[in-house]
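K.L.:
Can you read through this structure? Questions will come right after.
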Amino acid sequence: MGTEPPTPRANAVVVQLRVDDVKAFLARVAERGADVLFGPSFEEGDGFWYGGFADGEGNPVWVVGPGTA
């Protein structure tokens, strides 16, 4: 992706999933043993929920979803 020098971390692609309920989704992945990296949080200005977790190899996965605070 044009970084100098090219490294896996510098060339990372972050997967982002849309879910209906970010809070419930992150609770479910946590109970199944995944590390929740951040969230659930609510973005006041744009009115959406977001958070993130690490997959089995430690890669970050972000989740976003609709909702009200």
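Labels used: A, B, ... for chains in the order of the structure tokens, numbers from 1 for residues in each chain, and numbers from 1 for ligands as shown.
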Just list as number ranges by chain whatever in chain A DSSP marks as strand (DSSP E or B).
P.N.:
A: 15-18, 35-43, 48-54, 60-66
K.L.:
Please identify all polymer residues within 7 Å of segment 22-39 of chain A, counting only C-alpha atoms, omitting same-chain residues fewer than 4 positions from it, and present them as number ranges by chain.
P.N.:
A: 49-55, 63-65
K.L.:
Report the distance between atom CA of Val61 of chain A and atom CA of Val15 of chain A in Å, rounded to one decimal place.
P.N.:
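Distance reported for this atom pair: 5.1 Å.
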K.L.:
Take atom CA of Ser41 of chain A and atom CA of Glu57 of chain A and report the distance between them in Å, one decimal.
P.N.:
23.8 Å
K.L.:
What does the structure give for the distance between atom CA of Gly47 of chain A and atom CA of Asp20 of chain A, in Å to one decimal?
P.N.:
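Atom CA of Asp20 of chain A lies at a distance of 13.5 Å from atom CA of Gly47 of chain A.
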